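*Asks:* The structure file my_file33.tsv (TSV, C-alpha atoms) is provided below.
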```tsv
chain	number	residue	atom	x	y	z
A	969	MET	CA	4.69	-8.52	-45.38
A	970	ASN	CA	7.30	-8.75	-42.64
A	971	TYR	CA	9.42	-11.62	-43.97
A	972	GLU	CA	11.20	-12.38	-40.66
A	973	LEU	CA	7.92	-12.32	-38.71
A	974	PHE	CA	6.30	-14.69	-41.22
A	975	ILE	CA	9.13	-17.25	-40.87
A	976	ALA	CA	9.05	-16.94	-37.06
A	977	ARG	CA	5.31	-17.61	-36.98
A	978	ARG	CA	5.71	-20.68	-39.17
A	979	ILE	CA	8.39	-22.02	-36.84
A	980	ILE	CA	6.15	-21.49	-33.80
A	981	ALA	CA	3.17	-23.18	-35.45
A	982	SER	CA	5.01	-26.11	-37.00
A	983	ARG	CA	4.31	-29.63	-35.71
A	984	GLU	CA	7.97	-30.48	-36.09
A	985	HIS	CA	8.80	-27.74	-33.55
A	986	LYS	CA	6.22	-29.08	-31.08
A	987	ASN	CA	7.69	-32.56	-31.21
A	988	SER	CA	11.31	-31.51	-31.33
A	989	VAL	CA	14.09	-31.72	-28.75
A	990	SER	CA	13.61	-28.05	-27.97
A	991	SER	CA	9.95	-28.54	-26.95
A	992	PRO	CA	10.54	-29.28	-23.22
A	993	ILE	CA	13.15	-26.51	-22.99
A	994	ILE	CA	10.70	-24.04	-24.54
A	995	LYS	CA	7.97	-25.14	-22.12
A	996	ILE	CA	10.35	-24.63	-19.20
A	997	SER	CA	11.22	-21.15	-20.49
A	998	ILE	CA	7.54	-20.22	-20.83
A	999	LEU	CA	6.94	-21.58	-17.32
A	1000	ALA	CA	9.86	-19.51	-15.97
A	1001	ILE	CA	8.40	-16.36	-17.55
A	1002	ALA	CA	4.94	-17.13	-16.12
A	1003	ILE	CA	6.27	-17.86	-12.61
A	1004	GLY	CA	8.43	-14.73	-12.76
A	1005	ILE	CA	5.41	-12.56	-13.66
A	1006	ILE	CA	3.33	-14.15	-10.87
A	1007	VAL	CA	6.07	-13.45	-8.30
A	1008	MET	CA	6.57	-9.89	-9.59
A	1009	LEU	CA	2.84	-9.16	-9.50
A	1010	PHE	CA	2.59	-10.51	-5.97
A	1011	SER	CA	5.64	-8.59	-4.74
A	1012	VAL	CA	4.41	-5.30	-6.21
A	1013	ALA	CA	0.74	-5.78	-5.28
A	1014	THR	CA	1.37	-6.86	-1.68
A	1015	GLY	CA	4.25	-4.42	-1.12
A	1016	VAL	CA	2.38	-1.39	-2.44
A	1017	GLY	CA	-0.87	-2.63	-0.89
A	1018	LEU	CA	0.72	-2.94	2.55
A	1019	GLN	CA	2.27	0.53	2.24
A	1020	LYS	CA	-1.03	2.11	1.20
A	1021	LYS	CA	-3.10	0.31	3.83
A	1022	ILE	CA	-0.77	1.15	6.74
A	1023	LYS	CA	-0.47	4.78	5.64
A	1024	GLU	CA	-4.24	4.91	5.26
A	1025	LYS	CA	-4.72	3.62	8.81
A	1026	ILE	CA	-2.21	6.06	10.29
A	1027	SER	CA	-3.95	8.91	8.46
A	1028	GLY	CA	-7.37	7.64	9.57
A	1029	PHE	CA	-6.36	7.94	13.21
A	1030	ASN	CA	-4.21	11.09	12.97
A	1031	GLY	CA	-4.92	12.88	9.69
A	1032	ASP	CA	-2.19	13.35	7.07
A	1033	ILE	CA	-0.91	16.53	8.74
A	1034	GLN	CA	-1.51	17.77	12.28
A	1035	ILE	CA	-1.38	21.35	13.50
A	1036	ILE	CA	-0.79	21.76	17.23
A	1037	ASN	CA	0.72	24.31	19.60
A	1038	PHE	CA	4.45	24.95	19.30
A	1039	ASP	CA	5.67	23.41	22.59
A	1040	SER	CA	7.81	20.56	23.91
A	1041	ASN	CA	4.90	18.18	24.44
A	1042	ASN	CA	5.75	14.87	22.73
A	1043	SER	CA	2.93	12.81	24.23
A	1044	ARG	CA	-0.31	11.78	22.55
A	1045	VAL	CA	-2.24	14.05	24.94
A	1046	THR	CA	-2.94	17.67	23.97
A	1047	VAL	CA	-2.15	20.05	26.81
A	1048	VAL	CA	-2.10	23.63	25.51
A	1049	PRO	CA	-5.26	24.58	23.57
A	1050	ILE	CA	-5.49	26.37	20.21
A	1051	SER	CA	-8.19	28.75	19.13
A	1052	LYS	CA	-10.56	27.49	16.42
A	1053	ASN	CA	-10.63	30.98	14.96
A	1054	GLN	CA	-7.93	30.43	12.36
A	1055	ASP	CA	-7.74	31.58	8.74
A	1056	PHE	CA	-7.35	27.98	7.58
A	1057	TYR	CA	-10.42	26.64	9.41
A	1058	PRO	CA	-12.78	25.25	8.26
A	1059	GLU	CA	-11.35	25.61	4.68
A	1060	PHE	CA	-7.59	25.60	4.02
A	1061	SER	CA	-7.92	27.39	0.67
A	1062	SER	CA	-4.33	28.70	0.60
A	1063	VAL	CA	-2.91	25.15	0.10
A	1064	PRO	CA	-4.68	23.45	-2.83
A	1065	ASN	CA	-3.72	19.89	-1.85
A	1066	VAL	CA	-5.58	20.11	1.48
A	1067	LYS	CA	-9.10	18.71	1.10
A	1068	LYS	CA	-10.40	18.74	4.71
A	1069	VAL	CA	-9.63	20.27	8.11
A	1070	GLN	CA	-11.15	18.98	11.34
A	1071	VAL	CA	-10.52	19.69	15.03
A	1072	PHE	CA	-9.56	17.26	17.78
A	1073	ALA	CA	-8.34	17.07	21.37
A	1074	THR	CA	-6.99	14.15	23.43
A	1075	LYS	CA	-7.13	13.33	27.11
A	1076	ALA	CA	-5.69	10.35	29.02
A	1077	GLY	CA	-8.04	8.49	31.35
A	1078	ILE	CA	-8.84	5.21	33.07
A	1079	ILE	CA	-11.95	3.15	32.39
A	1080	ARG	CA	-13.29	1.45	35.51
A	1081	THR	CA	-15.81	-1.37	35.49
A	1082	PRO	CA	-16.91	-3.60	38.42
A	1083	ASN	CA	-14.32	-6.23	37.44
A	1084	GLU	CA	-11.73	-4.57	35.21
A	1085	PHE	CA	-9.92	-1.31	34.52
A	1086	GLU	CA	-8.05	-0.08	31.45
A	1087	GLY	CA	-5.99	2.98	30.55
A	1088	ILE	CA	-7.19	4.80	27.42
A	1089	VAL	CA	-6.73	8.01	25.46
A	1090	LEU	CA	-10.03	9.74	24.71
A	1091	LYS	CA	-9.89	11.49	21.36
A	1092	GLY	CA	-12.50	14.21	21.27
A	1093	VAL	CA	-13.89	15.15	17.86
A	1094	ASP	CA	-16.49	17.64	16.65
A	1095	LYS	CA	-19.62	17.31	14.52
A	1096	ASP	CA	-17.53	17.95	11.35
A	1097	TYR	CA	-15.48	14.77	11.90
A	1098	ASN	CA	-15.10	12.46	8.90
A	1099	TRP	CA	-16.26	8.99	10.02
A	1100	SER	CA	-15.56	7.20	6.70
A	1101	PHE	CA	-12.40	5.50	8.05
A	1102	PHE	CA	-14.09	4.08	11.16
A	1103	LYS	CA	-17.19	3.03	9.22
A	1104	GLU	CA	-14.93	0.79	7.12
A	1105	TYR	CA	-13.70	-1.06	10.22
A	1106	LEU	CA	-16.92	-0.94	12.26
A	1107	LYS	CA	-17.78	-4.39	13.63
A	1108	GLN	CA	-20.83	-3.67	15.79
A	1109	GLY	CA	-23.22	-0.78	16.39
A	1110	SER	CA	-22.82	2.60	14.72
A	1111	VAL	CA	-20.55	5.64	14.87
A	1112	PRO	CA	-21.49	8.33	17.44
A	1113	ASP	CA	-23.52	11.38	16.50
A	1114	PHE	CA	-22.20	14.65	17.91
A	1115	SER	CA	-24.39	17.03	15.88
A	1116	GLY	CA	-26.78	17.75	18.77
A	1117	ASP	CA	-26.29	18.41	22.48
A	1118	LEU	CA	-23.34	17.01	24.45
A	1119	SER	CA	-23.21	13.29	23.69
A	1120	ASN	CA	-22.01	10.48	25.96
A	1121	GLU	CA	-21.61	8.07	23.04
A	1122	VAL	CA	-18.14	6.71	22.30
A	1123	LEU	CA	-16.52	4.45	19.73
A	1124	MET	CA	-14.32	1.73	21.25
A	1125	SER	CA	-12.00	-0.87	19.75
A	1126	VAL	CA	-12.72	-4.59	19.85
A	1127	LYS	CA	-9.52	-5.13	21.84
A	1128	THR	CA	-10.45	-2.69	24.61
A	1129	ALA	CA	-14.09	-3.81	24.72
A	1130	SER	CA	-13.11	-7.48	25.06
A	1131	ARG	CA	-10.66	-6.72	27.87
A	1132	LEU	CA	-13.32	-4.78	29.75
A	1133	ARG	CA	-16.07	-7.28	28.81
A	1134	LEU	CA	-18.22	-4.52	27.34
A	1135	GLY	CA	-20.52	-4.46	24.33
A	1136	VAL	CA	-22.63	-2.04	22.31
A	1137	GLY	CA	-25.06	-0.18	24.57
A	1138	ASP	CA	-23.09	-0.82	27.78
A	1139	GLU	CA	-22.37	2.11	30.10
A	1140	PHE	CA	-19.14	2.67	32.02
A	1141	TYR	CA	-17.26	5.34	33.94
A	1142	THR	CA	-13.98	6.93	32.87
A	1143	PHE	CA	-11.78	8.91	35.27
A	1144	PHE	CA	-9.53	11.77	34.17
A	1145	VAL	CA	-6.78	12.97	36.52
A	1146	LYS	CA	-6.65	16.72	37.23
A	1147	ASN	CA	-3.48	18.80	37.10
A	1148	ASP	CA	-3.65	19.10	40.88
A	1149	PRO	CA	-2.99	15.57	42.27
A	1150	ASN	CA	-4.63	16.51	45.58
A	1151	LYS	CA	-8.02	16.89	43.92
A	1152	ALA	CA	-10.34	14.06	43.01
A	1153	PRO	CA	-10.30	13.05	39.32
A	1154	ASN	CA	-13.05	14.03	36.93
A	1155	SER	CA	-15.55	11.29	36.21
A	1156	ARG	CA	-17.58	10.85	33.01
A	1157	LYS	CA	-20.21	8.26	32.19
A	1158	PHE	CA	-20.06	6.99	28.60
A	1159	VAL	CA	-22.08	4.53	26.54
A	1160	ILE	CA	-20.66	2.44	23.68
A	1161	SER	CA	-22.38	3.25	20.38
A	1162	GLY	CA	-20.04	1.19	18.20
A	1163	ILE	CA	-17.06	-1.15	18.25
A	1164	TYR	CA	-14.34	-1.06	15.57
A	1165	ASP	CA	-11.34	-3.22	14.70
A	1166	SER	CA	-8.70	-1.59	12.47
A	1167	GLY	CA	-6.03	-4.23	13.08
A	1168	PHE	CA	-3.56	-1.46	14.00
A	1169	GLU	CA	-2.96	-2.52	17.58
A	1170	GLU	CA	-0.84	0.51	18.50
A	1171	PHE	CA	-4.01	2.62	18.25
A	1172	ASP	CA	-6.69	0.00	18.93
A	1173	GLU	CA	-5.26	-0.78	22.36
A	1174	THR	CA	-5.63	2.76	23.70
A	1175	LEU	CA	-7.78	5.02	21.53
A	1176	MET	CA	-11.45	5.78	22.19
A	1177	ILE	CA	-13.40	8.34	20.15
A	1178	GLY	CA	-15.84	10.69	21.91
A	1179	ASP	CA	-17.34	14.17	21.97
A	1180	ILE	CA	-14.70	16.93	22.12
A	1181	ARG	CA	-16.94	18.96	24.42
A	1182	HIS	CA	-16.18	16.55	27.27
A	1183	ILE	CA	-12.46	17.34	27.02
A	1184	GLN	CA	-13.19	21.05	26.76
A	1185	ARG	CA	-15.21	20.93	29.97
A	1186	ILE	CA	-12.69	18.74	31.83
A	1187	ASN	CA	-9.82	21.08	30.85
A	1188	LYS	CA	-11.99	24.17	31.42
A	1189	TRP	CA	-11.48	25.34	27.84
A	1190	PRO	CA	-14.00	27.63	26.16
A	1191	GLU	CA	-15.93	26.27	23.17
A	1192	ASP	CA	-13.63	27.95	20.65
A	1193	GLN	CA	-10.50	26.18	21.95
A	1194	VAL	CA	-9.32	22.75	20.77
A	1195	GLY	CA	-6.26	20.54	21.04
A	1196	GLY	CA	-5.30	20.81	17.37
A	1197	PHE	CA	-6.30	20.37	13.74
A	1198	GLU	CA	-6.11	17.33	11.46
A	1199	LEU	CA	-5.59	17.92	7.75
A	1200	PHE	CA	-6.36	15.44	4.98
A	1201	ILE	CA	-4.81	15.87	1.54
A	1202	HIS	CA	-5.75	14.85	-2.01
A	1203	ASP	CA	-2.38	13.53	-3.22
A	1204	PHE	CA	-0.51	11.57	-0.55
A	1205	ASP	CA	2.62	11.47	-2.72
A	1206	GLN	CA	2.88	15.23	-2.10
A	1207	LEU	CA	2.77	14.82	1.69
A	1208	ARG	CA	6.21	16.28	2.36
A	1209	GLU	CA	5.74	19.29	0.08
A	1210	THR	CA	2.24	19.96	1.44
A	1211	GLY	CA	3.57	19.78	4.99
A	1212	PHE	CA	6.09	22.53	4.19
A	1213	GLN	CA	3.40	24.67	2.57
A	1214	VAL	CA	1.11	24.30	5.58
A	1215	TYR	CA	3.93	25.13	8.00
A	1216	GLU	CA	4.78	28.29	6.07
A	1217	THR	CA	1.13	29.37	5.99
A	1218	ILE	CA	0.09	28.98	9.64
A	1219	ASP	CA	0.86	31.28	12.55
A	1220	PRO	CA	4.46	31.07	13.93
A	1221	SER	CA	3.10	29.98	17.32
A	1222	LEU	CA	1.72	26.81	15.73
A	1223	ASN	CA	3.58	23.75	14.52
A	1224	ALA	CA	2.65	21.46	11.63
A	1225	TYR	CA	4.05	17.99	11.10
A	1226	THR	CA	3.16	15.12	8.82
A	1227	THR	CA	2.41	11.53	9.79
A	1228	ALA	CA	5.82	10.60	8.32
A	1229	GLU	CA	7.47	12.93	10.86
A	1230	LYS	CA	5.29	11.69	13.71
A	1231	PHE	CA	5.87	7.99	12.98
A	1232	PRO	CA	9.33	7.91	11.34
A	1233	ALA	CA	10.11	4.30	12.34
A	1234	ILE	CA	7.01	2.95	10.59
A	1235	TYR	CA	7.64	4.99	7.43
A	1236	GLU	CA	11.30	3.91	7.31
A	1237	TRP	CA	10.16	0.30	7.61
A	1238	LEU	CA	7.66	0.82	4.78
A	1239	ALA	CA	10.38	2.36	2.60
A	1240	LEU	CA	12.28	-0.95	2.76
A	1241	PHE	CA	9.46	-2.55	0.78
A	1242	ASP	CA	10.51	-0.51	-2.28
A	1243	THR	CA	13.99	-2.03	-2.13
A	1244	ASN	CA	12.59	-5.53	-1.69
A	1245	ILE	CA	10.29	-5.08	-4.69
A	1246	VAL	CA	13.15	-3.89	-6.93
A	1247	VAL	CA	15.39	-6.80	-5.86
A	1248	ILE	CA	12.65	-9.39	-6.45
A	1249	ILE	CA	11.79	-7.97	-9.88
A	1250	GLY	CA	15.47	-7.91	-10.85
A	1251	ILE	CA	16.00	-11.55	-9.80
A	1252	MET	CA	12.85	-12.75	-11.59
A	1253	ILE	CA	13.76	-10.96	-14.83
A	1254	LEU	CA	17.30	-12.35	-14.65
A	1255	ILE	CA	16.00	-15.92	-14.19
A	1256	ALA	CA	13.50	-15.49	-17.01
A	1257	GLY	CA	16.21	-14.03	-19.26
A	1258	ILE	CA	18.62	-16.91	-18.59
A	1259	ASN	CA	15.91	-19.44	-19.43
A	1260	MET	CA	15.07	-17.58	-22.64
A	1261	ILE	CA	18.77	-17.48	-23.61
A	1262	THR	CA	18.90	-21.26	-23.18
A	1263	ALA	CA	15.77	-21.71	-25.29
A	1264	LEU	CA	17.12	-19.38	-27.99
A	1265	LEU	CA	20.43	-21.24	-28.24
A	1266	VAL	CA	18.62	-24.58	-28.51
A	1267	LEU	CA	16.33	-23.15	-31.21
A	1268	ILE	CA	19.33	-21.89	-33.16
A	1269	LEU	CA	21.08	-25.26	-32.82
A	1270	GLU	CA	17.93	-27.07	-33.93
A	1271	ARG	CA	17.48	-24.78	-36.95
A	1272	THR	CA	21.13	-24.79	-38.07
A	1273	GLN	CA	20.28	-26.24	-41.51
A	1274	MET	CA	17.56	-23.63	-42.02
A	1275	ILE	CA	20.04	-20.88	-41.14
A	1276	GLY	CA	22.50	-22.28	-43.68
A	1277	ILE	CA	19.84	-22.40	-46.41
A	1278	LEU	CA	18.70	-18.83	-45.68
A	1279	LYS	CA	22.27	-17.60	-45.82
A	1280	ALA	CA	22.83	-19.47	-49.10
A	1281	LEU	CA	19.73	-17.71	-50.50
A	1282	GLY	CA	21.28	-14.34	-49.64
A	1283	ASN	CA	19.80	-13.49	-46.23
A	1284	HIS	CA	22.06	-11.34	-44.08
A	1285	ASN	CA	22.82	-12.17	-40.46
A	1286	TRP	CA	20.62	-9.50	-38.85
A	1287	SER	CA	17.58	-10.70	-40.82
A	1288	ILE	CA	18.08	-14.25	-39.55
A	1289	ARG	CA	18.70	-13.02	-36.00
A	1290	LYS	CA	15.40	-11.15	-36.18
A	1291	ILE	CA	13.59	-14.41	-37.00
A	1292	PHE	CA	14.80	-15.97	-33.75
A	1293	LEU	CA	14.17	-12.79	-31.76
A	1294	TYR	CA	10.58	-12.75	-33.06
A	1295	ASN	CA	10.36	-16.40	-32.13
A	1296	ALA	CA	11.58	-15.63	-28.62
A	1297	SER	CA	9.16	-12.72	-28.29
A	1298	PHE	CA	6.26	-15.10	-29.04
A	1299	LEU	CA	7.43	-17.39	-26.26
A	1300	ILE	CA	7.85	-14.50	-23.83
A	1301	ALA	CA	4.37	-13.18	-24.72
A	1302	LYS	CA	2.89	-16.62	-24.05
A	1303	GLY	CA	4.58	-16.74	-20.66
A	1304	LEU	CA	3.36	-13.22	-19.89
A	1305	PHE	CA	-0.21	-14.17	-20.81
A	1306	TRP	CA	-0.36	-17.17	-18.49
A	1307	GLY	CA	1.56	-15.38	-15.77
A	1308	ASN	CA	-0.84	-12.44	-15.80
A	1309	LEU	CA	-3.89	-14.70	-15.96
A	1310	ILE	CA	-2.83	-16.80	-12.97
A	1311	GLY	CA	-1.23	-13.92	-11.04
A	1312	LEU	CA	-4.20	-11.55	-11.34
A	1313	GLY	CA	-6.56	-14.41	-10.48
A	1314	LEU	CA	-4.65	-15.13	-7.28
A	1315	LEU	CA	-4.49	-11.43	-6.39
A	1316	LEU	CA	-8.25	-11.04	-6.85
A	1317	SER	CA	-8.80	-14.10	-4.66
A	1318	GLN	CA	-6.62	-12.54	-1.96
A	1319	LYS	CA	-8.38	-9.18	-2.27
A	1320	TYR	CA	-11.91	-10.56	-1.89
A	1321	PHE	CA	-11.35	-13.62	0.31
A	1322	GLY	CA	-8.23	-12.70	2.36
A	1323	ILE	CA	-6.61	-16.12	2.02
A	1324	ILE	CA	-3.17	-15.01	3.29
A	1325	ARG	CA	-3.40	-13.87	6.91
A	1326	LEU	CA	-0.84	-11.73	8.72
A	1327	ASN	CA	-0.02	-11.03	12.36
A	1328	PRO	CA	-1.35	-7.50	13.11
A	1329	GLU	CA	1.20	-7.07	15.91
A	1330	THR	CA	3.95	-7.19	13.28
A	1331	TYR	CA	2.35	-5.92	10.07
A	1332	TYR	CA	-0.48	-3.69	11.44
A	1333	VAL	CA	-2.98	-5.56	9.25
A	1334	ASN	CA	-4.69	-8.94	9.73
A	1335	GLN	CA	-4.50	-10.00	6.08
A	1336	ALA	CA	-2.18	-9.25	3.18
A	1337	PRO	CA	-3.62	-6.25	1.31
A	1338	VAL	CA	-3.15	-6.13	-2.45
A	1339	TYR	CA	-3.08	-3.16	-4.79
A	1340	ILE	CA	-1.77	-2.89	-8.32
A	1341	GLY	CA	-2.60	-0.10	-10.73
A	1342	ILE	CA	-2.86	-0.36	-14.50
A	1343	PRO	CA	0.40	1.62	-15.05
A	1344	ALA	CA	2.35	-0.76	-12.79
A	1345	LEU	CA	0.88	-3.75	-14.62
A	1346	ILE	CA	1.91	-2.30	-17.99
A	1347	TYR	CA	5.41	-1.43	-16.77
A	1348	ILE	CA	5.98	-4.95	-15.39
A	1349	ASN	CA	4.92	-6.65	-18.62
A	1350	LEU	CA	6.64	-4.27	-21.03
A	1351	GLY	CA	9.77	-4.16	-18.87
A	1352	THR	CA	9.98	-7.96	-18.76
A	1353	LEU	CA	9.46	-8.26	-22.52
A	1354	LEU	CA	12.01	-5.59	-23.44
A	1355	LEU	CA	14.68	-6.63	-20.94
A	1356	CYS	CA	14.43	-10.29	-21.93
A	1357	LEU	CA	14.73	-9.36	-25.61
A	1358	LEU	CA	17.73	-7.16	-24.87
A	1359	MET	CA	19.36	-10.07	-23.07
A	1360	LEU	CA	18.77	-12.21	-26.19
A	1361	ILE	CA	20.44	-9.83	-28.66
A	1362	VAL	CA	23.98	-10.88	-27.75
A	1363	PRO	CA	23.33	-14.69	-27.79
A	1364	SER	CA	21.59	-14.32	-31.16
A	1365	TYR	CA	24.95	-13.15	-32.53
A	1366	ILE	CA	25.91	-16.83	-32.77
A	1367	VAL	CA	23.90	-16.88	-36.03
A	1368	SER	CA	26.60	-14.83	-37.74
A	1369	LYS	CA	29.21	-17.48	-36.86
A	1370	ILE	CA	27.39	-20.26	-38.67
A	1371	SER	CA	28.90	-21.18	-42.07
A	1372	PRO	CA	26.28	-21.89	-44.81
A	1373	VAL	CA	28.25	-24.86	-46.22
A	1374	LYS	CA	28.74	-26.56	-42.84
A	1375	ALA	CA	25.21	-25.70	-41.70
A	1376	ILE	CA	23.53	-27.31	-44.74
A	1377	LYS	CA	25.53	-30.52	-44.08
A	1378	PHE	CA	24.76	-30.30	-40.31
A	1379	ASP	CA	22.81	-33.26	-38.93
```
Will you turn the file into structure tokens for me?

*Replies:*
Amino acid sequence: MNYELFIARRIIASREHKNSVSSPIIKISILAIAIGIIVMLFSVATGVGLQKKIKEKISGFNGDIQIINFDSNNSRVTVVPISKNQDFYPEFSSVPNVKKVQVFATKAGIIRTPNEFEGIVLKGVDKDYNWSFFKEYLKQGSVPDFSGDLSNEVLMSVKTASRLRLGVGDEFYTFFVKNDPNKAPNSRKFVISGIYDSGFEEFDETLMIGDIRHIQRINKWPEDQVGGFELFIHDFDQLRETGFQVYETIDPSLNAYTTAEKFPAIYEWLALFDTNIVVIIGIMILIAGINMITALLVLILERTQMIGILKALGNHNWSIRKIFLYNASFLIAKGLFWGNLIGLGLLLSQKYFGIIRLNPETYYVNQAPVYIGIPALIYINLGTLLLCLLMLIVPSYIVSKISPVKAIKFD
């Protein structure tokens, strides 16, 4: 039997302890641990969740890596075409982390209705396009089907559709300016098959998804020429390394860049969340540790006579210190239990009911996304337990300063 653990458990369970002076201080310490865990869980879950959701949306619109022509074009419109006849299409087998390759092309245009007009960027995609991202944010209708003949169906955002007062099934004309300004623009008649709302206003305001064959015909490109390729990868944490591998593999006339390179400001902003999470966790652990130090000192003061008796019976200082450290670990574990129970309950409520709403113009999402993996949960709990116990080792040294004779007489 672990002698120190046995004594610690008896102290925790004793009625005298529950009715003692230290009782409110212990309750405050447990509450501090619980609140600290709740705050840490929320900071990690919302911080990581926001990072993942925004990166997921950027990738959904652009792919994780794009391959385009090596030129000075920095706009969102593809100008110089690329041949589809590439070694990496349709399977990029030379880079294991790449799971899918799909073609695209973009063309700027103006939608004209009897009462309104709106500038848009038509993104042309092929029959091999992965619609899973847009299906997740589809509000009305269905995604277009480009597997047959040339289709006039398009997917439009809620924001654009509301400005133009259009709905599913409505037809409209879009005009595309030619390279020669003296010639009349190209006109195409489209019909809305579905309306989506991703909450990422930078893309929702301008992007419309349609058949790539329209852009090929407007630009007078043959069927085997496209604007570029979008690559999706298995492990997003390897984005930078995969981008280098792709760049080294493709033809020198082509350029490959990741979404982090295309949207550096957004990714730099997201990186700040890591710093915020570390600072919040550090502050919460420090507060919890200070409260536990206070509780430990009060427990030692309250049990001064017991310490004197144990020393008189021959117990050494480290053995007695272990009793109080075990005692403290019980209190920390209790705080962790309630903190996890309440924290995870609140996170699940946010995940399924979206209680906390955000401004999409600022955060690119309309509600706070949450994500916390099992490893992160384990690290938070074990880290809090170990760091708090480490902070208690030095204060527990006060046990060695207590004289058995004075302690037994202590009242």

*Asks:* So what do you get for atom CA of A:Asp1096 versus atom CA of A:Ala1224, distance-wise?

*Replies:* 20.5 Å

*Asks:* Could you check which of A:Val1214, A:Ile1177, A:Ala1076, A:Leu1269 is closest to A:Phe1060, using only C-alpha atoms?

*Replies:*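 Closest residue, counting only C-alpha atoms: A:Val1214.
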
*Asks:* Mind working out the centre and edge lengths of an axis-aligned box for stretch 1031-1037 of chain A, all listed atoms inside, 4 Å added to each side, rounded to one decimal in Å and written as lines of an AutoDock Vina configuration file?

*Replies:*
```
center_x = -2.1
center_y = 18.6
center_z = 13.3
size_x = 13.6
size_y = 19.4
size_z = 20.5
```

*Asks:* Can you pull out the residues contacting A:Ile980? Cut-off 8 Å, using all atoms listed in the file, and skip same-chain residues under 3 positions away; I want them as a list of chain:residue names.

*Replies:* A:Ala976, A:Arg977, A:His985, A:Asn1295, A:Phe1298

*Asks:* Using all atoms listed in the file and a cutoff of 10 Å, can you tell me which residues are near (2.5, -11.9, -21.3) in the file's coordinates, and write them out as a list in words?

*Replies:*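 Residues lying no farther than 10 Å from the given point: Ile998, Ile1001, Ala1002, Ile1005, Ser1297, Phe1298, Leu1299, Ile1300, Ala1301, Lys1302, Gly1303, Leu1304, Phe1305, Trp1306, Gly1307, Asn1308, Leu1309, Ile1348, Asn1349, Leu1350, Thr1352 and Leu1353 of chain A.
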
*Asks:* Enter the distance from atom CA of A:Ser1371 to atom CA of A:Glu1270, in Å, rounded to one decimal.

*Replies:*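 One can read the atom CA of A:Ser1371 to atom CA of A:Glu1270 distance as 14.9 Å.
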
*Asks:* Take atom CA of A:Arg1208 and atom CA of A:Tyr1339 and report the distance between them in Å, one decimal.

*Replies:*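 Separation of atom CA of A:Arg1208 and atom CA of A:Tyr1339: 22.7 Å.
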